[in-house]
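Read through the structure below, which is laid out as structure tokens, and then see the notes.
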Amino acid sequence: MLDIRMLRENPELVKAGIAKKNDKTDIDKILQLDNERREIIREVEQLKGERNKVSGEVAKKKKAGEEADEEIKAMKAVGEKISGLDQKQRDVERDMHNLMIWIPNIPHDSVPVGGEENNVVVREWGEIKKKDFKVLPHWEIGEKLGILDIAAATKISGSGFYILKGLGARLQRALVAYMLDTHTSDGFLEIAAPFIVTADSMFGTGQLPKLADDMYKTTEDEMYLIPTSEVSLTNCYKQQILDQKQLPILMVSHSPCFRREAGAAGKDTRGMVRVHQFEKVEMVKIVEPEKSYEELETLTAQAEKILQGLQIPYRVSTLASGDLSFAAAKCYDLELWAEGVERWLEISSCSNFEDFQARRMNCRYKDSDKKVRFPHTINGSGLALARLIPAILENYQNADGSVTIPEVLVPYMSGIEKIG
């Protein structure tokens with residue numbers, strides 16, 4: 001959520017920023033309501049001063065044994081006017097809030113302007129090696145090896161789901177353990193958090209109200225299945241005032257993720273790439289504002305470290321403004337190469353939300369001067385399994401139809417070196 005002072009002091013900057021995200025929120029209407037609100041507050045303060053003055057006169061007259069009926073009548077009228085203005089203020093603040101929650105975060109100055117076609121590749125790692133045989137896409141090799149069953153998942157839950165069996169399930173478990181071990185050894189605190197959260201928590205990290213149609217919602221109590229454990233982790237500190245000494249806070253969690261939008265665009269409908277439920281390891285940082293962009297770089301490097309360990313070629317792109325999420329000020333996308341489909345697959349988004357989420361959650365901290373400020377929040381996948389497993393099945397595929405286990409995973413697979 002943006003600071004109202006930013007809208008007051010730099011309305012054109014805000015308008016230009018949200019335009020880069022193709023947003024059309026009426027900033028002038030919000031400022032009009034803000035002016036109306038402040039005028040109501042001024043009027044109420046004047047009336048309270050008048051009421052206090054009359055109250056003093058009533059007390060003097062009563063002490064002197066004089067009649068004060070007219071003053072009491074006037075004071076009652078002032079009180080009724082104040083009550084009416086208080087209600088008007090609540091209505092204006094409600095309307096203002098309902099508009100402000102739809103304003104997206106403003107892109108950082110370093111973010112390129114435009115849509116997906118304007119994303120900028122900032123670095124690549126690894127060599128894409130062409131094999132001397134036809135590499136099968138993951139859904140074919142997975143079925144041949146008996147480790148992936150899309151048909152059974154479709155019978156159980158409909159399209160957009162998958163089942164991993166045997167060494168496929170074991171591979172997923174090994175990847176989760178490898179990622180968690182890597183991140184925790186680098187200072188992240190492992191958290192096992194709820195997978196079902198309140199609407200308030202979803203609002204705090206920016207999924208609501210903007211992305212309501214993409215979320216799975218329970219009918220009885222209006223709870224939500226998390227689209228990522230970013231929601232649970234970040235909200236651990238909502239409505240709290242932290243001490244500066246607690247920062248940075250580094251958290252990591254493994255969870256299932258649930259998203260209704262999977263396959264809506266009509267692409268990537270085969271296999272595991274675009275599904276409604278998948279596993280993911282997520283990293284979250286809560287940091288001092290002055291250090292957040294440095295922390296974004298180190299978090300991105302942490303996600304890259306996993307891919308480098310797995311020896312999978314990847315590239316890192318800075319997302320253009322129109323491709324940024326609602327809450328992000330800057331985002332790096334990590335895409336890995338999948339040989340079977342011969343394309344790049346997004347595997348992680350590492351984002352800096354600046355103080356956007358902290359304001360929505362009312363998460364604050366006291367700095368060294370005891371001033372209460374909003375921290376910056378950062379998150380990134382480390383990594384998403386529904387994209388990572390296909391890349392392994394395709395990039396590590398052998399001519400005989402087997403799949404070699406990446407070397408770093410062999411200890412997590414009890415020494416198994418190949419699926420075949």
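Letters A, B, ... go to the chains of the structure tokens in the order shown; residues in each chain start at 1; ligands are counted from 1 in the same order.
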- Message: When you look at His108 (chain A) with a cut-off of 8 Å (counting only C-alpha atoms), what residues show up, excluding the ones that are within fewer than 3 positions of it in the same chain? I need them as a VMD selection string.
- Response: chain A and resid 111 329 to 330
Could you build a table of the residues in region 245-296 of chain A lying no more than 9 Å from region 218-240 of chain A, giving for each the nearest pair of atoms and their separation in Å rounded to one decimal place, using only C-alpha atoms, ordered by chain and ascending residue number, as JSON lines?
{"residue": "A:Met251", "atom": "CA", "partner": "A:Leu233", "partner_atom": "CA", "distance": 7.0}
{"residue": "A:Val252", "atom": "CA", "partner": "A:Leu233", "partner_atom": "CA", "distance": 7.8}
{"residue": "A:Ser253", "atom": "CA", "partner": "A:Ser229", "partner_atom": "CA", "distance": 6.7}
{"residue": "A:His254", "atom": "CA", "partner": "A:Ser229", "partner_atom": "CA", "distance": 7.4}
{"residue": "A:Ser255", "atom": "CA", "partner": "A:Ser229", "partner_atom": "CA", "distance": 6.2}
{"residue": "A:Pro256", "atom": "CA", "partner": "A:Thr228", "partner_atom": "CA", "distance": 7.4}
{"residue": "A:Cys257", "atom": "CA", "partner": "A:Pro227", "partner_atom": "CA", "distance": 4.7}
{"residue": "A:Phe258", "atom": "CA", "partner": "A:Pro227", "partner_atom": "CA", "distance": 4.7}
{"residue": "A:Arg259", "atom": "CA", "partner": "A:Pro227", "partner_atom": "CA", "distance": 5.5}
{"residue": "A:Arg260", "atom": "CA", "partner": "A:Pro227", "partner_atom": "CA", "distance": 8.9}
{"residue": "A:Gln277", "atom": "CA", "partner": "A:Pro227", "partner_atom": "CA", "distance": 8.7}
{"residue": "A:Lys280", "atom": "CA", "partner": "A:Thr228", "partner_atom": "CA", "distance": 7.5}
{"residue": "A:Val281", "atom": "CA", "partner": "A:Ser229", "partner_atom": "CA", "distance": 8.0}
{"residue": "A:Glu282", "atom": "CA", "partner": "A:Ser229", "partner_atom": "CA", "distance": 6.3}
{"residue": "A:Met283", "atom": "CA", "partner": "A:Glu230", "partner_atom": "CA", "distance": 7.4}
{"residue": "A:Val284", "atom": "CA", "partner": "A:Glu230", "partner_atom": "CA", "distance": 6.5}
{"residue": "A:Lys285", "atom": "CA", "partner": "A:Thr234", "partner_atom": "CA", "distance": 8.0}
{"residue": "A:Ile286", "atom": "CA", "partner": "A:Thr234", "partner_atom": "CA", "distance": 7.8}
- Message: Write out as JSON, numbers by chain the set of residues from region 80-223 of chain A that DSSP, computed on the backbone, places in helix (DSSP H, G or I).
- Response: {"A": [80, 81, 82, 83, 84, 85, 86, 87, 88, 89, 90, 91, 92, 93, 94, 95, 96, 97, 98, 99, 100, 116, 117, 118, 138, 139, 140, 141, 142, 143, 144, 150, 151, 152, 153, 154, 155, 156, 157, 167, 168, 169, 170, 171, 172, 173, 174, 175, 176, 177, 178, 179, 180, 181, 182, 183, 184, 185, 199, 200, 201, 202, 203, 204, 212, 213, 214]}
Mind running region 53-155 of chain A against region 381-390 of chain A at 8 Å and telling me each contacting residue's nearest atom pair with the distance in Å (one decimal), counting only C-alpha atoms, chain and number ascending, as a tab-separated table?
residue	atom	partner	partner_atom	distance
A:Pro137	CA	A:Pro390	CA	7.8
A:His138	CA	A:Pro390	CA	5.1
A:Trp139	CA	A:Pro390	CA	7.9
Selection from above, N, CA and C atoms, as a PDB file, in the first residue's frame, can you write it?
ATOM      1  N   PRO A 137       9.896 -34.791 -24.014  1.00  0.00           N
ATOM      2  CA  PRO A 137       9.385 -33.866 -23.001  1.00  0.00           C
ATOM      3  C   PRO A 137       9.108 -34.612 -21.707  1.00  0.00           C
ATOM      4  N   HIS A 138       9.076 -33.888 -20.612  1.00  0.00           N
ATOM      5  CA  HIS A 138       9.019 -34.543 -19.295  1.00  0.00           C
ATOM      6  C   HIS A 138       7.785 -35.408 -19.108  1.00  0.00           C
ATOM      7  N   TRP A 139       6.659 -35.035 -19.720  1.00  0.00           N
ATOM      8  CA  TRP A 139       5.457 -35.846 -19.508  1.00  0.00           C
ATOM      9  C   TRP A 139       5.581 -37.213 -20.200  1.00  0.00           C
TER      10      TRP A 139
END
- Task: Go through A:Gln302, A:Asn119, A:Gln244, A:Ile103 one by one, measure the shortest atom-to-atom distance of each to Thr184 (chain A) using only C-alpha atoms, and give the residue with the smallest value.
- Result: A:Gln302
- Task: Tell me which protein, DNA and RNA residues are within 10 Å of Gly142 (chain A), counting only C-alpha atoms, leaving out same-chain ones fewer than 3 positions away, and put them as a list in words.
- Result: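 Listed by chain and then number, they are Leu136, Pro137, His138, Trp139, Leu145, Gly146, Ile147, Leu148, Asp149, Ile150, Leu164, Lys165, Gly168, Gly271, Ile389, Pro390, Leu393, Glu394, Gly401, Ser402, Val403 and Ile419 of chain A.
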Can you write just those residues out, N, CA and C atoms, as a PDB file, in the first residue's frame?
ATOM      1  N   LEU A 136      12.923 -36.445 -25.017  1.00  0.00           N
ATOM      2  CA  LEU A 136      11.466 -36.470 -24.826  1.00  0.00           C
ATOM      3  C   LEU A 136      11.047 -35.411 -23.811  1.00  0.00           C
ATOM      4  N   PRO A 137       9.896 -34.791 -24.014  1.00  0.00           N
ATOM      5  CA  PRO A 137       9.385 -33.866 -23.001  1.00  0.00           C
ATOM      6  C   PRO A 137       9.108 -34.612 -21.707  1.00  0.00           C
ATOM      7  N   HIS A 138       9.076 -33.888 -20.612  1.00  0.00           N
ATOM      8  CA  HIS A 138       9.019 -34.543 -19.295  1.00  0.00           C
ATOM      9  C   HIS A 138       7.785 -35.408 -19.108  1.00  0.00           C
ATOM     10  N   TRP A 139       6.659 -35.035 -19.720  1.00  0.00           N
ATOM     11  CA  TRP A 139       5.457 -35.846 -19.508  1.00  0.00           C
ATOM     12  C   TRP A 139       5.581 -37.213 -20.200  1.00  0.00           C
ATOM     13  N   LEU A 145       9.014 -43.916 -17.533  1.00  0.00           N
ATOM     14  CA  LEU A 145       9.751 -44.369 -16.354  1.00  0.00           C
ATOM     15  C   LEU A 145       8.831 -44.753 -15.195  1.00  0.00           C
ATOM     16  N   GLY A 146       7.549 -44.502 -15.341  1.00  0.00           N
ATOM     17  CA  GLY A 146       6.590 -44.857 -14.294  1.00  0.00           C
ATOM     18  C   GLY A 146       6.658 -43.965 -13.070  1.00  0.00           C
ATOM     19  N   ILE A 147       7.144 -42.722 -13.240  1.00  0.00           N
ATOM     20  CA  ILE A 147       7.279 -41.824 -12.094  1.00  0.00           C
ATOM     21  C   ILE A 147       6.324 -40.632 -12.153  1.00  0.00           C
ATOM     22  N   LEU A 148       5.639 -40.452 -13.278  1.00  0.00           N
ATOM     23  CA  LEU A 148       4.712 -39.325 -13.438  1.00  0.00           C
ATOM     24  C   LEU A 148       3.411 -39.853 -14.019  1.00  0.00           C
ATOM     25  N   ASP A 149       2.287 -39.513 -13.367  1.00  0.00           N
ATOM     26  CA  ASP A 149       0.985 -40.014 -13.814  1.00  0.00           C
ATOM     27  C   ASP A 149      -0.002 -38.849 -13.886  1.00  0.00           C
ATOM     28  N   ILE A 150      -0.123 -38.303 -15.067  1.00  0.00           N
ATOM     29  CA  ILE A 150      -1.057 -37.193 -15.284  1.00  0.00           C
ATOM     30  C   ILE A 150      -2.494 -37.708 -15.379  1.00  0.00           C
ATOM     31  N   LEU A 164       3.266 -37.724  -8.734  1.00  0.00           N
ATOM     32  CA  LEU A 164       4.617 -38.277  -8.798  1.00  0.00           C
ATOM     33  C   LEU A 164       4.633 -39.596  -8.034  1.00  0.00           C
ATOM     34  N   LYS A 165       5.263 -40.604  -8.609  1.00  0.00           N
ATOM     35  CA  LYS A 165       5.266 -41.926  -7.990  1.00  0.00           C
ATOM     36  C   LYS A 165       6.689 -42.438  -7.851  1.00  0.00           C
ATOM     37  N   GLY A 168      10.032 -40.709  -8.644  1.00  0.00           N
ATOM     38  CA  GLY A 168       9.619 -39.333  -8.955  1.00  0.00           C
ATOM     39  C   GLY A 168       9.289 -38.578  -7.684  1.00  0.00           C
ATOM     40  N   GLY A 271       1.577 -31.778 -19.031  1.00  0.00           N
ATOM     41  CA  GLY A 271       2.591 -32.037 -18.036  1.00  0.00           C
ATOM     42  C   GLY A 271       2.449 -31.221 -16.772  1.00  0.00           C
ATOM     43  N   ILE A 389      11.526 -30.162 -11.683  1.00  0.00           N
ATOM     44  CA  ILE A 389      11.525 -31.593 -12.002  1.00  0.00           C
ATOM     45  C   ILE A 389      11.473 -31.835 -13.514  1.00  0.00           C
ATOM     46  N   PRO A 390      10.596 -31.148 -14.268  1.00  0.00           N
ATOM     47  CA  PRO A 390      10.642 -31.315 -15.730  1.00  0.00           C
ATOM     48  C   PRO A 390      12.006 -30.994 -16.333  1.00  0.00           C
ATOM     49  N   LEU A 393      14.288 -33.946 -15.677  1.00  0.00           N
ATOM     50  CA  LEU A 393      13.926 -35.098 -16.510  1.00  0.00           C
ATOM     51  C   LEU A 393      14.338 -34.901 -17.961  1.00  0.00           C
ATOM     52  N   GLU A 394      14.368 -33.658 -18.405  1.00  0.00           N
ATOM     53  CA  GLU A 394      14.733 -33.389 -19.793  1.00  0.00           C
ATOM     54  C   GLU A 394      16.227 -33.154 -19.971  1.00  0.00           C
ATOM     55  N   GLY A 401      16.923 -43.820 -22.447  1.00  0.00           N
ATOM     56  CA  GLY A 401      15.627 -43.551 -21.808  1.00  0.00           C
ATOM     57  C   GLY A 401      15.698 -43.396 -20.311  1.00  0.00           C
ATOM     58  N   SER A 402      16.889 -43.504 -19.751  1.00  0.00           N
ATOM     59  CA  SER A 402      17.042 -43.295 -18.314  1.00  0.00           C
ATOM     60  C   SER A 402      17.294 -41.809 -18.025  1.00  0.00           C
ATOM     61  N   VAL A 403      17.231 -41.436 -16.764  1.00  0.00           N
ATOM     62  CA  VAL A 403      17.513 -40.074 -16.330  1.00  0.00           C
ATOM     63  C   VAL A 403      18.543 -40.128 -15.214  1.00  0.00           C
ATOM     64  N   ILE A 419      17.506 -42.961 -12.725  1.00  0.00           N
ATOM     65  CA  ILE A 419      16.134 -43.487 -12.798  1.00  0.00           C
ATOM     66  C   ILE A 419      16.012 -44.140 -14.158  1.00  0.00           C
TER      67      ILE A 419
END
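Ranking A:Asp109, A:Asp355, A:Glu127, A:Glu190 by their shortest atom-to-atom distance to Thr205 (chain A), with only C-alpha atoms included, puts A:Asp355 first.
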Given only C-alpha atoms, how would the per-residue table for region 37-116 of chain A near region 360-374 of chain A read, listing every residue at most 12 Å away with its closest atom pair and distance in Å to one decimal, sorted by chain and number, as a Markdown table?
| residue | atom | partner | partner_atom | distance |
| --- | --- | --- | --- | --- |
| A:His97 | CA | A:Arg360 | CA | 11.2 |
| A:Met100 | CA | A:Arg360 | CA | 10.7 |
| A:Ile101 | CA | A:Arg360 | CA | 8.6 |
| A:Trp102 | CA | A:Arg360 | CA | 11.7 |
| A:Ile103 | CA | A:Arg360 | CA | 11.8 |
| A:Pro104 | CA | A:Arg360 | CA | 11.9 |
| A:Asn105 | CA | A:Arg360 | CA | 11.5 |
Can you write out the residues you just picked, keeping C-alpha atoms, as a tab-separated table (two decimals), in the first residue's frame?
chain	number	residue	atom	x	y	z
A	97	HIS	CA	-9.36	3.11	1.58
A	100	MET	CA	-6.13	3.02	-2.25
A	101	ILE	CA	-6.01	-0.77	-1.85
A	102	TRP	CA	-6.18	-1.09	-5.65
A	103	ILE	CA	-3.13	1.11	-6.30
A	104	PRO	CA	-0.18	-1.08	-7.33
A	105	ASN	CA	3.34	-0.54	-6.08
- With only C-alpha atoms as the atoms that count, which of A:Ala320, A:Ala399, A:Arg343, A:Ser292 lies nearest to Asn379 (chain A)?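 Smallest distance to Asn379 (chain A) is found for A:Ser292.
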- Task: Give me, please, the distance in Å between CA of Pro411 (chain A) and CA of Glu143 (chain A), quoted to one decimal.
- Result: 24.8 Å
List the neighbours of Glu117 (chain A) out to 10 Å using only C-alpha atoms; skip same-chain residues closer than 6 positions along the sequence, and give me the result as a CSV table (one decimal) with N, CA and C atoms, in the first residue's frame.
chain,number,residue,atom,x,y,z
A,319,LEU,N,12.4,-7.9,-14.9
A,319,LEU,CA,11.1,-7.7,-15.5
A,319,LEU,C,10.8,-6.2,-15.8
A,320,ALA,N,10.2,-6.0,-16.9
A,320,ALA,CA,9.7,-4.7,-17.3
A,320,ALA,C,8.5,-4.3,-16.4
A,322,GLY,N,5.5,-3.4,-17.0
A,322,GLY,CA,4.2,-4.0,-17.2
A,322,GLY,C,4.1,-5.4,-16.9
A,323,ASP,N,5.2,-6.1,-16.7
A,323,ASP,CA,5.2,-7.5,-16.4
A,323,ASP,C,5.4,-7.8,-14.9
- Query: Closest to Tyr396 (chain A) among A:Gln357, A:Lys131, A:Asn352, A:Pro194, using only C-alpha atoms?
  - Reply: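 Result for the nearest residue to Tyr396 (chain A): A:Lys131.
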- Note on the structure: Of A:Phe278, A:Tyr332, A:Phe195, A:Tyr178, the one sitting nearest Gly160 (chain A) when using only C-alpha atoms is A:Phe278
Selection near region 64-75 of chain A, 9 Å with only C-alpha atoms, sequence-local residues under 6 positions removed, as a PDB file with C-alpha atoms, in the first residue's frame:
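Result went into selection-v6.pdb, see below:
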ATOM      1  CA  GLU A  50     -16.321  25.726  20.607  1.00  0.00           C
ATOM      2  CA  ARG A  51     -17.975  22.989  22.691  1.00  0.00           C
ATOM      3  CA  ASN A  52     -15.206  23.156  25.281  1.00  0.00           C
ATOM      4  CA  VAL A  54     -19.399  26.652  25.972  1.00  0.00           C
ATOM      5  CA  SER A  55     -18.901  23.864  28.507  1.00  0.00           C
ATOM      6  CA  GLU A  57     -19.331  28.943  30.404  1.00  0.00           C
ATOM      7  CA  VAL A  58     -21.999  26.496  31.579  1.00  0.00           C
TER       8      VAL A  58
END
